[in-house]
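Structure data (compact mmCIF, C-alpha atoms (C1' of nucleotides)) from coords.txt:
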```txt
# COMPACT_ATOMS: atom_id res chain seq x y z
CA MET A 156 0.00 0.00 0.00
CA ASP A 157 1.11 3.52 -0.69
CA ARG A 158 2.41 5.66 2.08
CA ILE A 159 1.89 9.29 2.83
CA GLY A 160 4.77 9.71 5.21
CA LYS A 161 6.84 7.66 7.56
CA ASN A 162 4.58 5.26 9.49
CA MET A 163 1.53 6.47 7.67
CA ARG A 164 -0.33 4.35 5.20
CA LEU A 165 -2.63 5.63 2.51
CA THR A 166 -5.57 3.54 3.62
CA ASN A 167 -8.76 3.25 1.68
CA GLN A 168 -10.56 5.55 4.11
CA ARG A 169 -7.88 8.19 3.73
CA GLN A 170 -7.91 7.95 -0.01
CA VAL A 171 -11.68 8.31 -0.21
CA ILE A 172 -11.68 11.26 2.17
CA LEU A 173 -9.00 12.96 0.11
CA GLU A 174 -10.71 12.24 -3.19
CA GLU A 175 -14.07 13.49 -2.03
CA LEU A 176 -12.54 16.62 -0.57
CA GLN A 177 -10.57 17.41 -3.71
CA LYS A 178 -13.59 16.73 -5.86
CA VAL A 179 -15.56 19.69 -4.52
CA ALA A 180 -14.83 23.37 -4.86
CA SER A 181 -16.57 24.13 -1.61
CA HIS A 182 -14.85 24.04 1.73
CA PRO A 183 -16.86 21.46 3.64
CA THR A 184 -17.03 20.98 7.37
CA ALA A 185 -15.98 17.68 8.90
CA SER A 186 -19.51 16.37 9.03
CA GLU A 187 -20.14 17.39 5.43
CA VAL A 188 -17.07 15.39 4.49
CA TYR A 189 -18.44 12.57 6.61
CA ASP A 190 -21.69 12.63 4.63
CA MET A 191 -19.87 12.70 1.31
CA VAL A 192 -17.58 9.84 2.27
CA ARG A 193 -20.33 7.73 3.78
CA LYS A 194 -21.91 7.30 0.37
CA ARG A 195 -18.88 5.28 -0.63
CA LEU A 196 -17.94 3.83 2.76
CA PRO A 197 -21.18 3.48 4.72
CA ARG A 198 -19.52 2.03 7.81
CA ILE A 199 -16.88 4.74 8.29
CA GLY A 200 -16.96 6.47 11.66
CA LEU A 201 -17.09 10.19 12.24
CA GLY A 202 -14.03 9.86 14.46
CA THR A 203 -12.06 8.39 11.58
CA VAL A 204 -13.00 11.33 9.39
CA TYR A 205 -11.87 13.81 12.01
CA ARG A 206 -8.66 11.89 12.67
CA ASN A 207 -7.76 11.71 9.00
CA LEU A 208 -8.66 15.27 8.11
CA GLU A 209 -6.39 16.36 10.93
CA LEU A 210 -3.63 14.05 9.75
CA LEU A 211 -3.88 15.16 6.13
CA ALA A 212 -3.74 18.76 7.25
CA ASP A 213 -0.66 18.05 9.38
CA HIS A 214 1.01 16.61 6.31
CA ARG A 215 0.10 19.72 4.31
CA ILE A 216 -1.93 17.69 1.84
CA ILE A 217 -5.08 19.63 2.63
CA THR A 218 -5.72 22.84 4.59
CA LYS A 219 -7.71 23.29 7.75
CA LEU A 220 -9.57 26.60 7.72
CA GLU A 221 -10.41 28.25 10.98
CA MET A 222 -12.63 31.05 9.79
CA GLY A 223 -15.41 32.56 11.84
CA GLY A 224 -18.47 30.47 12.40
CA GLU A 225 -18.70 27.46 14.61
CA GLN A 226 -17.23 24.65 12.60
CA LYS A 227 -13.83 24.25 11.04
CA ARG A 228 -13.73 23.76 7.29
CA PHE A 229 -11.38 21.85 5.06
CA ASP A 230 -9.86 22.80 1.74
CA GLY A 231 -8.65 20.08 -0.63
CA ASN A 232 -6.22 22.62 -2.03
CA ALA A 233 -3.05 22.88 0.03
CA THR A 234 -1.73 26.03 -1.63
CA ASN A 235 -2.05 29.12 0.49
CA HIS A 236 -4.73 31.45 -0.81
CA TYR A 237 -7.33 33.84 0.52
CA HIS A 238 -10.97 33.14 1.32
CA ILE A 239 -14.30 34.84 1.60
CA ARG A 240 -17.15 33.82 3.84
CA CYS A 241 -20.80 34.63 3.38
CA LEU A 242 -22.14 36.40 6.44
CA HIS A 243 -25.59 35.12 5.67
CA CYS A 244 -25.24 31.40 4.92
CA GLY A 245 -21.70 30.69 6.11
CA ARG A 246 -20.43 29.33 2.83
CA VAL A 247 -16.74 29.82 2.11
CA ASP A 248 -15.13 30.35 -1.30
CA ASP A 249 -11.66 31.00 -2.62
CA ILE A 250 -10.59 34.48 -3.61
CA GLU A 251 -8.27 34.38 -6.60
CA LEU A 252 -6.22 37.29 -5.46
CA SER A 253 -2.47 36.83 -5.58
CA ARG A 254 -0.80 36.86 -2.20
CA MET A 255 0.21 40.28 -0.98
CA ALA A 256 3.92 40.68 -1.46
CA GLY A 257 5.89 42.14 1.40
CA ILE A 258 3.04 42.32 3.83
CA GLU A 259 4.73 40.04 6.33
CA GLU A 260 7.87 42.13 6.22
CA ARG A 261 5.84 45.27 6.84
CA ALA A 262 4.08 43.63 9.76
CA ALA A 263 7.39 42.39 11.15
CA SER A 264 8.60 45.95 11.47
CA CYS A 265 5.89 46.77 13.97
CA THR A 266 5.85 43.74 16.25
CA ALA A 267 8.21 41.66 18.34
CA TYR A 268 6.71 38.47 16.93
CA GLU A 269 8.60 36.34 14.50
CA ILE A 270 6.10 36.21 11.66
CA VAL A 271 5.44 32.85 10.08
CA ASP A 272 2.40 33.31 7.88
CA HIS A 273 -0.60 35.46 7.16
CA HIS A 274 -4.10 34.94 5.92
CA ILE A 275 -6.69 37.36 4.61
CA GLN A 276 -10.33 36.63 5.00
CA PHE A 277 -13.01 38.66 3.35
CA SER A 278 -16.60 38.60 4.43
CA GLY A 279 -19.65 39.51 2.44
CA ILE A 280 -22.83 38.26 0.87
CA CYS A 281 -22.69 35.48 -1.66
CA ASP A 282 -24.53 35.51 -4.94
CA ASN A 283 -27.27 33.13 -3.79
CA CYS A 284 -28.02 35.13 -0.69
CA LYS A 285 -27.99 38.40 -2.64
CA ARG A 286 -30.67 37.03 -4.94
CA GLU A 287 -32.82 35.77 -2.11
CA LYS A 288 -32.96 39.24 -0.67
CA MET A 289 -34.53 40.70 -3.79
CA MET B 63 -29.76 54.10 34.18
CA ASP B 64 -27.85 54.67 30.98
CA ARG B 65 -28.80 52.85 27.86
CA ILE B 66 -26.68 51.29 25.18
CA GLY B 67 -29.36 51.01 22.57
CA LYS B 68 -33.05 50.68 22.30
CA ASN B 69 -34.31 48.24 24.93
CA MET B 70 -30.85 47.72 26.29
CA ARG B 71 -29.78 48.97 29.67
CA LEU B 72 -26.22 49.57 30.72
CA THR B 73 -26.45 47.34 33.76
CA ASN B 74 -23.74 47.08 36.35
CA GLN B 75 -22.64 43.71 35.00
CA ARG B 76 -22.35 45.10 31.50
CA GLN B 77 -20.41 48.10 32.66
CA VAL B 78 -17.95 46.02 34.64
CA ILE B 79 -17.44 43.60 31.75
CA LEU B 80 -16.79 46.48 29.41
CA GLU B 81 -14.43 48.25 31.81
CA GLU B 82 -12.40 45.15 32.50
CA LEU B 83 -12.16 44.31 28.83
CA GLN B 84 -11.07 47.82 27.88
CA LYS B 85 -8.56 47.89 30.71
CA VAL B 86 -6.39 45.14 29.25
CA ALA B 87 -4.36 45.18 26.05
CA SER B 88 -4.71 41.44 25.64
CA HIS B 89 -7.59 39.81 23.85
CA PRO B 90 -9.08 37.60 26.53
CA THR B 91 -11.34 34.62 26.05
CA ALA B 92 -14.80 34.61 27.59
CA SER B 93 -13.65 32.66 30.63
CA GLU B 94 -10.69 34.97 31.13
CA VAL B 95 -13.13 37.89 31.12
CA TYR B 96 -15.25 35.90 33.57
CA ASP B 97 -12.27 35.57 35.91
CA MET B 98 -11.44 39.26 35.63
CA VAL B 99 -15.00 40.33 36.27
CA ARG B 100 -15.55 37.90 39.11
CA LYS B 101 -13.05 39.78 41.25
CA ARG B 102 -15.44 42.69 41.28
CA LEU B 103 -18.73 40.80 40.97
CA PRO B 104 -18.19 37.44 42.66
CA ARG B 105 -21.71 36.16 41.99
CA ILE B 106 -21.84 36.86 38.27
CA GLY B 107 -22.58 33.83 36.12
CA LEU B 108 -20.57 32.64 33.17
CA GLY B 109 -23.73 32.72 31.07
CA THR B 110 -24.16 36.40 31.80
CA VAL B 111 -20.63 37.08 30.63
CA TYR B 112 -21.20 35.21 27.38
CA ARG B 113 -24.54 36.89 26.82
CA ASN B 114 -23.17 40.36 27.38
CA LEU B 115 -19.98 39.93 25.39
CA GLU B 116 -22.15 38.81 22.51
CA LEU B 117 -24.48 41.75 22.98
CA LEU B 118 -21.67 44.31 23.21
CA ALA B 119 -20.16 42.86 20.05
CA ASP B 120 -23.52 43.09 18.26
CA HIS B 121 -23.65 46.76 19.18
CA ARG B 122 -20.13 47.26 17.82
CA ILE B 123 -18.86 48.39 21.20
CA ILE B 124 -16.32 45.60 21.35
CA THR B 125 -15.08 43.11 18.75
CA LYS B 126 -15.43 39.37 18.75
CA LEU B 127 -12.34 37.73 17.29
CA GLU B 128 -12.69 34.36 15.66
CA MET B 129 -9.08 33.50 15.05
CA GLY B 130 -7.77 29.97 14.98
CA GLY B 131 -7.61 28.10 18.23
CA GLU B 132 -10.50 26.73 20.18
CA GLN B 133 -11.90 29.71 22.02
CA LYS B 134 -13.17 33.00 20.74
CA ARG B 135 -11.47 36.12 22.00
CA PHE B 136 -12.74 39.60 22.68
CA ASP B 137 -11.18 42.95 21.92
CA GLY B 138 -12.22 46.01 23.92
CA ASN B 139 -11.27 48.10 20.92
CA ALA B 140 -14.04 48.28 18.35
CA THR B 141 -11.95 49.86 15.59
CA ASN B 142 -11.07 47.46 12.84
CA HIS B 143 -7.40 46.49 12.92
CA TYR B 144 -5.26 43.46 12.19
CA HIS B 145 -4.07 40.82 14.62
CA ILE B 146 -1.33 38.31 15.15
CA ARG B 147 -1.59 35.04 16.99
CA CYS B 148 1.23 33.09 18.57
CA LEU B 149 1.31 29.58 17.18
CA HIS B 150 2.95 28.37 20.35
CA CYS B 151 0.96 29.84 23.23
CA GLY B 152 -2.16 31.13 21.45
CA ARG B 153 -1.86 34.70 22.63
CA VAL B 154 -3.25 37.37 20.32
CA ASP B 155 -1.90 40.90 19.84
CA ASP B 156 -2.74 43.88 17.69
CA ILE B 157 -0.70 44.68 14.61
CA GLU B 158 -0.37 48.40 14.16
CA LEU B 159 -0.44 48.20 10.40
CA SER B 160 -2.74 50.61 8.64
CA ARG B 161 -5.60 48.94 6.80
CA MET B 162 -4.81 47.96 3.25
CA ALA B 163 -6.38 50.49 0.93
CA GLY B 164 -8.25 49.17 -2.04
CA ILE B 165 -7.93 45.54 -1.16
CA GLU B 166 -11.67 45.03 -0.97
CA GLU B 167 -12.16 46.61 -4.36
CA ARG B 168 -9.50 44.33 -5.82
CA ALA B 169 -11.15 41.30 -4.27
CA ALA B 170 -14.55 42.43 -5.52
CA SER B 171 -13.30 42.26 -9.09
CA CYS B 172 -12.72 38.53 -8.82
CA THR B 173 -15.79 37.29 -7.00
CA ALA B 174 -19.56 37.44 -7.23
CA TYR B 175 -19.79 38.22 -3.53
CA GLU B 176 -20.74 41.63 -2.32
CA ILE B 177 -17.78 42.37 -0.10
CA VAL B 178 -18.50 43.82 3.32
CA ASP B 179 -15.25 43.63 5.22
CA HIS B 180 -11.86 42.00 5.44
CA HIS B 181 -9.47 40.97 8.14
CA ILE B 182 -5.83 40.01 8.05
CA GLN B 183 -4.43 37.67 10.61
CA PHE B 184 -0.77 37.00 10.96
CA SER B 185 0.62 34.03 12.79
CA GLY B 186 4.01 33.66 14.33
CA ILE B 187 5.97 33.20 17.52
CA CYS B 188 5.66 35.78 20.25
CA ASP B 189 8.57 37.27 22.10
CA ASN B 190 8.06 35.17 25.23
CA CYS B 191 7.92 31.92 23.31
CA LYS B 192 10.96 32.89 21.24
CA ARG B 193 13.00 33.35 24.42
CA GLU B 194 11.85 30.07 25.92
CA LYS B 195 13.20 28.24 22.94
CA MET B 196 16.71 29.55 23.48
C1' DC C 201 3.42 -11.13 15.28
C1' DT C 202 3.24 -6.24 15.45
C1' DC C 203 1.42 -2.01 15.21
C1' DA C 204 -1.05 1.53 12.59
C1' DG C 205 -5.74 2.21 11.60
C1' DT C 206 -10.69 1.60 12.42
C1' DG C 207 -15.72 1.74 14.23
C1' DC C 208 -18.13 2.72 18.06
C1' DA C 209 -19.52 5.03 22.02
C1' DA C 210 -18.41 7.73 25.73
C1' DA C 211 -16.05 11.89 27.21
C1' DC C 212 -14.85 16.65 26.71
C1' DG C 213 -14.82 21.72 26.44
C1' DA C 214 -16.77 25.85 24.82
C1' DT C 215 -20.95 28.00 24.36
C1' DT C 216 -26.01 28.40 24.66
C1' DT C 217 -30.38 28.11 26.70
C1' DG C 218 -34.58 27.37 29.89
C1' DC C 219 -36.24 28.88 33.90
C1' DA C 220 -37.53 31.13 38.10
C1' DG C 221 -36.53 35.13 40.65
C1' DG C 222 -35.32 40.33 40.94
C1' DG C 223 -35.23 45.04 39.85
C1' DC C 224 -35.66 49.16 36.91
C1' DC C 225 -39.09 52.32 34.63
C1' DG D 270 -47.10 45.56 36.11
C1' DG D 271 -44.26 44.60 32.36
C1' DC D 272 -40.11 43.43 30.65
C1' DC D 273 -35.23 43.29 30.61
C1' DC D 274 -31.72 41.03 33.01
C1' DT D 275 -29.56 37.81 36.00
C1' DG D 276 -27.65 33.39 38.34
C1' DC D 277 -27.82 28.77 38.02
C1' DA D 278 -27.85 24.39 36.01
C1' DA D 279 -28.82 21.56 32.34
C1' DA D 280 -28.50 21.02 27.48
C1' DT D 281 -26.21 21.36 23.09
C1' DC D 282 -22.80 21.01 19.57
C1' DG D 283 -18.42 20.23 17.50
C1' DT D 284 -14.60 17.56 18.35
C1' DT D 285 -11.56 14.22 20.74
C1' DT D 286 -10.45 9.99 22.84
C1' DG D 287 -10.38 5.12 24.99
C1' DC D 288 -10.99 0.66 23.71
C1' DA D 289 -11.20 -3.70 21.57
C1' DC D 290 -10.75 -5.47 17.09
C1' DT D 291 -8.94 -5.89 12.28
C1' DG D 292 -5.70 -6.21 8.67
C1' DA D 293 -1.42 -5.10 6.20
C1' DG D 294 3.40 -6.06 6.11
```

Could you show the structure in this file as structure tokens?
Amino acid sequence: MDRIGKNMRLTNQRQVILEELQKVASHPTASEVYDMVRKRLPRIGLGTVYRNLELLADHRIITKLEMGGEQKRFDGNATNHYHIRCLHCGRVDDIELSRMAGIEERAASCTAYEIVDHHIQFSGICDNCKREKM
Amino acid sequence: MDRIGKNMRLTNQRQVILEELQKVASHPTASEVYDMVRKRLPRIGLGTVYRNLELLADHRIITKLEMGGEQKRFDGNATNHYHIRCLHCGRVDDIELSRMAGIEERAASCTAYEIVDHHIQFSGICDNCKREKM
DNA sequence: CTCAGTGCAAACGATTTGCAGGGCC
DNA sequence: GGCCCTGCAAATCGTTTGCACTGAG
């Protein structure tokens, strides 16, 4: 069986979770992933889904998003990019804006922190919710 | 008694919560606020603290921060500014970087969302944690 | 055989809520 | 008197974890 890292096998459950996550453009919550995966693996446990999403995120194969809202969301795309969240329905989408150059350096000059990363999150009203309001 | 808004009184509990929150530069969690407030109002309930922090945030008197990590944090400063979180100890500080001009307009040009706001969060290692590592 | 991985259910921690009592207007 | 607000405790919700079992190497 394939391996993801040292002491980590690419099990069927992991593969299905990864495939389902990368198949969608949305940024599903753990239980949404659970629902998607359960169609192919009806006996999978929610705990397994959580454990593997965490593991895949640790290995930088997917990204864990901690935006506002109650639940964490997962992004099948591991490249660092910005996001926007709908204030009305909670949905999260990518923003295809190139990463701000030099912003971390500028921030570094006004803090004692050693800066590691940055993330920009926009908030607004998505197209669906805009229409509903009319 | 003073009022904060329509149908909302500035009760003693609310005033103490607000004062304690605005007194500190840190961005305490709800239970940290609870501990701070309890020194002055020993019989206050945790539910009251949660309810009032939420209410004050709704009225834009304070800010609710939903950064990574498990607990939400509260900022006695209602003006919109950027933050940095320590990846090691979880502490959150302000970043005195002026707001990026035009970034929302640029984002608007590549999404169907109606953009309302944006927030930049940096992550890194705070001064204390840097020293501990040495 | 060993040990990582799993399903299941119970545990956990942060937050919310129902309710009965209390106090301002 | 009405209604906002509170303290308290129980409930809720997302997430984590302990455990016994399974299966790959």

Check: which chain A residues lie within 6 Å of chain B using all atoms listed in the file, as a list in words: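 My answer is Glu221, Gly223, Ala267, Tyr268, Glu269, Ile270, Val271, Asp272, His273, His274, Ile275, Gln276, Phe277, Ser278, Gly279, Ile280, Cys281 and Asp282 of chain A.
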
Residue hits in chain C, query chain B, radius 10 Å, all atoms listed in the file, as a PyMOL selection string: chain C and resi 213-217+224-225

Let me see the file: selected residues, C-alpha atoms (C1' of nucleotides), as a PDB file, keeping the file's coordinate frame.
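Wrote it out as part_13.pdb, contents follow:
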```
ATOM      1  C1'  DG C 213     -14.820  21.720  26.440  1.00  0.00           C
ATOM      2  C1'  DA C 214     -16.770  25.850  24.820  1.00  0.00           C
ATOM      3  C1'  DT C 215     -20.950  28.000  24.360  1.00  0.00           C
ATOM      4  C1'  DT C 216     -26.010  28.400  24.660  1.00  0.00           C
ATOM      5  C1'  DT C 217     -30.380  28.110  26.700  1.00  0.00           C
ATOM      6  C1'  DC C 224     -35.660  49.160  36.910  1.00  0.00           C
ATOM      7  C1'  DC C 225     -39.090  52.320  34.630  1.00  0.00           C
TER       8       DC C 225
END
```

Residue hits in chain B, query chain D, radius 12 Å, only C-alpha atoms (C1' of nucleotides), as a list in words: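 Taking only C-alpha atoms (C1' of nucleotides) into account, Arg65, Lys68, Asn69, Met70, Arg71, Leu72, Thr73, Asn74, Gln75, Arg76, Leu103, Pro104, Arg105, Ile106, Gly107, Leu108, Gly109, Thr110, Val111, Arg113, Asn114 and Glu132 of chain B sit within 12 Å of chain D.
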
Could you dump the residues just selected with C-alpha atoms as an mmCIF file, in the coordinates of the input?
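selection-v4.cif written:
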```cif
data_model
loop_
_atom_site.group_PDB
_atom_site.id
_atom_site.type_symbol
_atom_site.label_atom_id
_atom_site.label_comp_id
_atom_site.auth_asym_id
_atom_site.auth_seq_id
_atom_site.Cartn_x
_atom_site.Cartn_y
_atom_site.Cartn_z
ATOM 1 C CA ARG B 65 -28.800 52.850 27.860
ATOM 2 C CA LYS B 68 -33.050 50.680 22.300
ATOM 3 C CA ASN B 69 -34.310 48.240 24.930
ATOM 4 C CA MET B 70 -30.850 47.720 26.290
ATOM 5 C CA ARG B 71 -29.780 48.970 29.670
ATOM 6 C CA LEU B 72 -26.220 49.570 30.720
ATOM 7 C CA THR B 73 -26.450 47.340 33.760
ATOM 8 C CA ASN B 74 -23.740 47.080 36.350
ATOM 9 C CA GLN B 75 -22.640 43.710 35.000
ATOM 10 C CA ARG B 76 -22.350 45.100 31.500
ATOM 11 C CA LEU B 103 -18.730 40.800 40.970
ATOM 12 C CA PRO B 104 -18.190 37.440 42.660
ATOM 13 C CA ARG B 105 -21.710 36.160 41.990
ATOM 14 C CA ILE B 106 -21.840 36.860 38.270
ATOM 15 C CA GLY B 107 -22.580 33.830 36.120
ATOM 16 C CA LEU B 108 -20.570 32.640 33.170
ATOM 17 C CA GLY B 109 -23.730 32.720 31.070
ATOM 18 C CA THR B 110 -24.160 36.400 31.800
ATOM 19 C CA VAL B 111 -20.630 37.080 30.630
ATOM 20 C CA ARG B 113 -24.540 36.890 26.820
ATOM 21 C CA ASN B 114 -23.170 40.360 27.380
ATOM 22 C CA GLU B 132 -10.500 26.730 20.180
#
```

Coordinates of chain B after Cα superposition on chain A, as an mmCIF file with C-alpha atoms, keeping the file's coordinate frame:
```
data_model
loop_
_atom_site.group_PDB
_atom_site.id
_atom_site.type_symbol
_atom_site.label_atom_id
_atom_site.label_comp_id
_atom_site.auth_asym_id
_atom_site.auth_seq_id
_atom_site.Cartn_x
_atom_site.Cartn_y
_atom_site.Cartn_z
ATOM 1 C CA MET B 63 0.168 0.089 0.146
ATOM 2 C CA ASP B 64 1.260 3.631 -0.545
ATOM 3 C CA ARG B 65 2.518 5.798 2.224
ATOM 4 C CA ILE B 66 1.935 9.435 2.961
ATOM 5 C CA GLY B 67 4.790 9.890 5.351
ATOM 6 C CA LYS B 68 6.844 7.924 7.743
ATOM 7 C CA ASN B 69 4.608 5.546 9.692
ATOM 8 C CA MET B 70 1.557 6.674 7.818
ATOM 9 C CA ARG B 71 -0.255 4.477 5.364
ATOM 10 C CA LEU B 72 -2.524 5.711 2.632
ATOM 11 C CA THR B 73 -5.456 3.600 3.734
ATOM 12 C CA ASN B 74 -8.635 3.274 1.758
ATOM 13 C CA GLN B 75 -10.471 5.577 4.148
ATOM 14 C CA ARG B 76 -7.804 8.228 3.792
ATOM 15 C CA GLN B 77 -7.802 7.977 0.044
ATOM 16 C CA VAL B 78 -11.562 8.291 -0.201
ATOM 17 C CA ILE B 79 -11.618 11.267 2.167
ATOM 18 C CA LEU B 80 -8.943 12.975 0.137
ATOM 19 C CA GLU B 81 -10.617 12.229 -3.196
ATOM 20 C CA GLU B 82 -13.994 13.463 -2.064
ATOM 21 C CA LEU B 83 -12.516 16.606 -0.590
ATOM 22 C CA GLN B 84 -10.518 17.390 -3.721
ATOM 23 C CA LYS B 85 -13.527 16.698 -5.908
ATOM 24 C CA VAL B 86 -15.541 19.626 -4.576
ATOM 25 C CA ALA B 87 -14.830 23.333 -4.917
ATOM 26 C CA SER B 88 -16.602 24.093 -1.668
ATOM 27 C CA HIS B 89 -14.901 24.026 1.688
ATOM 28 C CA PRO B 90 -16.900 21.429 3.572
ATOM 29 C CA THR B 91 -17.100 20.956 7.307
ATOM 30 C CA ALA B 92 -16.028 17.668 8.851
ATOM 31 C CA SER B 93 -19.578 16.343 8.962
ATOM 32 C CA GLU B 94 -20.182 17.342 5.359
ATOM 33 C CA VAL B 95 -17.069 15.363 4.423
ATOM 34 C CA TYR B 96 -18.448 12.525 6.544
ATOM 35 C CA ASP B 97 -21.678 12.568 4.536
ATOM 36 C CA MET B 98 -19.811 12.643 1.236
ATOM 37 C CA VAL B 99 -17.529 9.805 2.217
ATOM 38 C CA ARG B 100 -20.282 7.691 3.707
ATOM 39 C CA LYS B 101 -21.821 7.212 0.277
ATOM 40 C CA ARG B 102 -18.766 5.234 -0.689
ATOM 41 C CA LEU B 103 -17.837 3.815 2.719
ATOM 42 C CA PRO B 104 -21.096 3.416 4.630
ATOM 43 C CA ARG B 105 -19.469 2.031 7.778
ATOM 44 C CA ILE B 106 -16.845 4.719 8.258
ATOM 45 C CA GLY B 107 -16.977 6.471 11.614
ATOM 46 C CA LEU B 108 -17.124 10.187 12.190
ATOM 47 C CA GLY B 109 -14.078 9.892 14.433
ATOM 48 C CA THR B 110 -12.082 8.421 11.584
ATOM 49 C CA VAL B 111 -13.011 11.347 9.378
ATOM 50 C CA TYR B 112 -11.923 13.854 12.008
ATOM 51 C CA ARG B 113 -8.716 11.974 12.694
ATOM 52 C CA ASN B 114 -7.768 11.761 9.049
ATOM 53 C CA LEU B 115 -8.687 15.312 8.118
ATOM 54 C CA GLU B 116 -6.462 16.432 10.956
ATOM 55 C CA LEU B 117 -3.676 14.143 9.819
ATOM 56 C CA LEU B 118 -3.892 15.217 6.172
ATOM 57 C CA ALA B 119 -3.788 18.839 7.286
ATOM 58 C CA ASP B 120 -0.718 18.156 9.443
ATOM 59 C CA HIS B 121 0.992 16.721 6.385
ATOM 60 C CA ARG B 122 0.072 19.820 4.375
ATOM 61 C CA ILE B 123 -1.924 17.765 1.904
ATOM 62 C CA ILE B 124 -5.097 19.673 2.645
ATOM 63 C CA THR B 125 -5.775 22.878 4.585
ATOM 64 C CA LYS B 126 -7.783 23.321 7.729
ATOM 65 C CA LEU B 127 -9.664 26.611 7.672
ATOM 66 C CA GLU B 128 -10.517 28.255 10.944
ATOM 67 C CA MET B 129 -12.721 31.063 9.763
ATOM 68 C CA GLY B 130 -15.506 32.527 11.831
ATOM 69 C CA GLY B 131 -18.568 30.427 12.379
ATOM 70 C CA GLU B 132 -18.858 27.403 14.571
ATOM 71 C CA GLN B 133 -17.363 24.606 12.529
ATOM 72 C CA LYS B 134 -13.966 24.256 10.975
ATOM 73 C CA ARG B 135 -13.814 23.761 7.241
ATOM 74 C CA PHE B 136 -11.431 21.855 5.032
ATOM 75 C CA ASP B 137 -9.903 22.804 1.716
ATOM 76 C CA GLY B 138 -8.658 20.086 -0.631
ATOM 77 C CA ASN B 139 -6.240 22.626 -2.036
ATOM 78 C CA ALA B 140 -3.085 22.914 0.032
ATOM 79 C CA THR B 141 -1.753 26.047 -1.670
ATOM 80 C CA ASN B 142 -2.087 29.135 0.439
ATOM 81 C CA HIS B 143 -4.787 31.463 -0.867
ATOM 82 C CA TYR B 144 -7.369 33.854 0.514
ATOM 83 C CA HIS B 145 -10.998 33.149 1.304
ATOM 84 C CA ILE B 146 -14.337 34.834 1.615
ATOM 85 C CA ARG B 147 -17.176 33.819 3.864
ATOM 86 C CA CYS B 148 -20.834 34.639 3.418
ATOM 87 C CA LEU B 149 -22.151 36.381 6.499
ATOM 88 C CA HIS B 150 -25.617 35.122 5.720
ATOM 89 C CA CYS B 151 -25.276 31.424 4.930
ATOM 90 C CA GLY B 152 -21.723 30.694 6.115
ATOM 91 C CA ARG B 153 -20.465 29.334 2.829
ATOM 92 C CA VAL B 154 -16.774 29.821 2.096
ATOM 93 C CA ASP B 155 -15.181 30.393 -1.317
ATOM 94 C CA ASP B 156 -11.711 31.034 -2.643
ATOM 95 C CA ILE B 157 -10.627 34.520 -3.619
ATOM 96 C CA GLU B 158 -8.361 34.419 -6.620
ATOM 97 C CA LEU B 159 -6.278 37.332 -5.454
ATOM 98 C CA SER B 160 -2.541 36.886 -5.615
ATOM 99 C CA ARG B 161 -0.846 36.877 -2.227
ATOM 100 C CA MET B 162 0.168 40.284 -0.981
ATOM 101 C CA ALA B 163 3.884 40.694 -1.500
ATOM 102 C CA GLY B 164 5.873 42.100 1.351
ATOM 103 C CA ILE B 165 3.044 42.245 3.807
ATOM 104 C CA GLU B 166 4.756 39.923 6.249
ATOM 105 C CA GLU B 167 7.914 41.984 6.151
ATOM 106 C CA ARG B 168 5.899 45.126 6.839
ATOM 107 C CA ALA B 169 4.157 43.453 9.750
ATOM 108 C CA ALA B 170 7.470 42.169 11.081
ATOM 109 C CA SER B 171 8.713 45.728 11.437
ATOM 110 C CA CYS B 172 6.028 46.522 13.983
ATOM 111 C CA THR B 173 5.992 43.468 16.207
ATOM 112 C CA ALA B 174 8.351 41.339 18.254
ATOM 113 C CA TYR B 175 6.816 38.189 16.814
ATOM 114 C CA GLU B 176 8.671 36.078 14.345
ATOM 115 C CA ILE B 177 6.152 36.016 11.536
ATOM 116 C CA VAL B 178 5.451 32.670 9.913
ATOM 117 C CA ASP B 179 2.403 33.194 7.758
ATOM 118 C CA HIS B 180 -0.608 35.359 7.092
ATOM 119 C CA HIS B 181 -4.122 34.888 5.873
ATOM 120 C CA ILE B 182 -6.702 37.328 4.619
ATOM 121 C CA GLN B 183 -10.347 36.596 5.022
ATOM 122 C CA PHE B 184 -13.020 38.656 3.415
ATOM 123 C CA SER B 185 -16.612 38.595 4.508
ATOM 124 C CA GLY B 186 -19.638 39.515 2.509
ATOM 125 C CA ILE B 187 -22.855 38.303 0.954
ATOM 126 C CA CYS B 188 -22.726 35.544 -1.610
ATOM 127 C CA ASP B 189 -24.561 35.607 -4.887
ATOM 128 C CA ASN B 190 -27.309 33.235 -3.754
ATOM 129 C CA CYS B 191 -28.043 35.210 -0.619
ATOM 130 C CA LYS B 192 -28.006 38.487 -2.548
ATOM 131 C CA ARG B 193 -30.719 37.171 -4.870
ATOM 132 C CA GLU B 194 -32.864 35.884 -2.029
ATOM 133 C CA LYS B 195 -32.996 39.335 -0.572
ATOM 134 C CA MET B 196 -34.525 40.811 -3.705
#
```

Length of the CA of Lys85 in chain B to CA of Gly138 in chain B vector [Å]: 7.9 Å

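CA of Ile217 in chain A is found 4.6 Å from CA of Ala233 in chain A.
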
Coordinates-based distance that separates CA of Thr234 in chain A from CA of Val247 in chain A (Å, one decimal):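 Between CA of Val247 in chain A and CA of Thr234 in chain A the gap works out to 15.9 Å.
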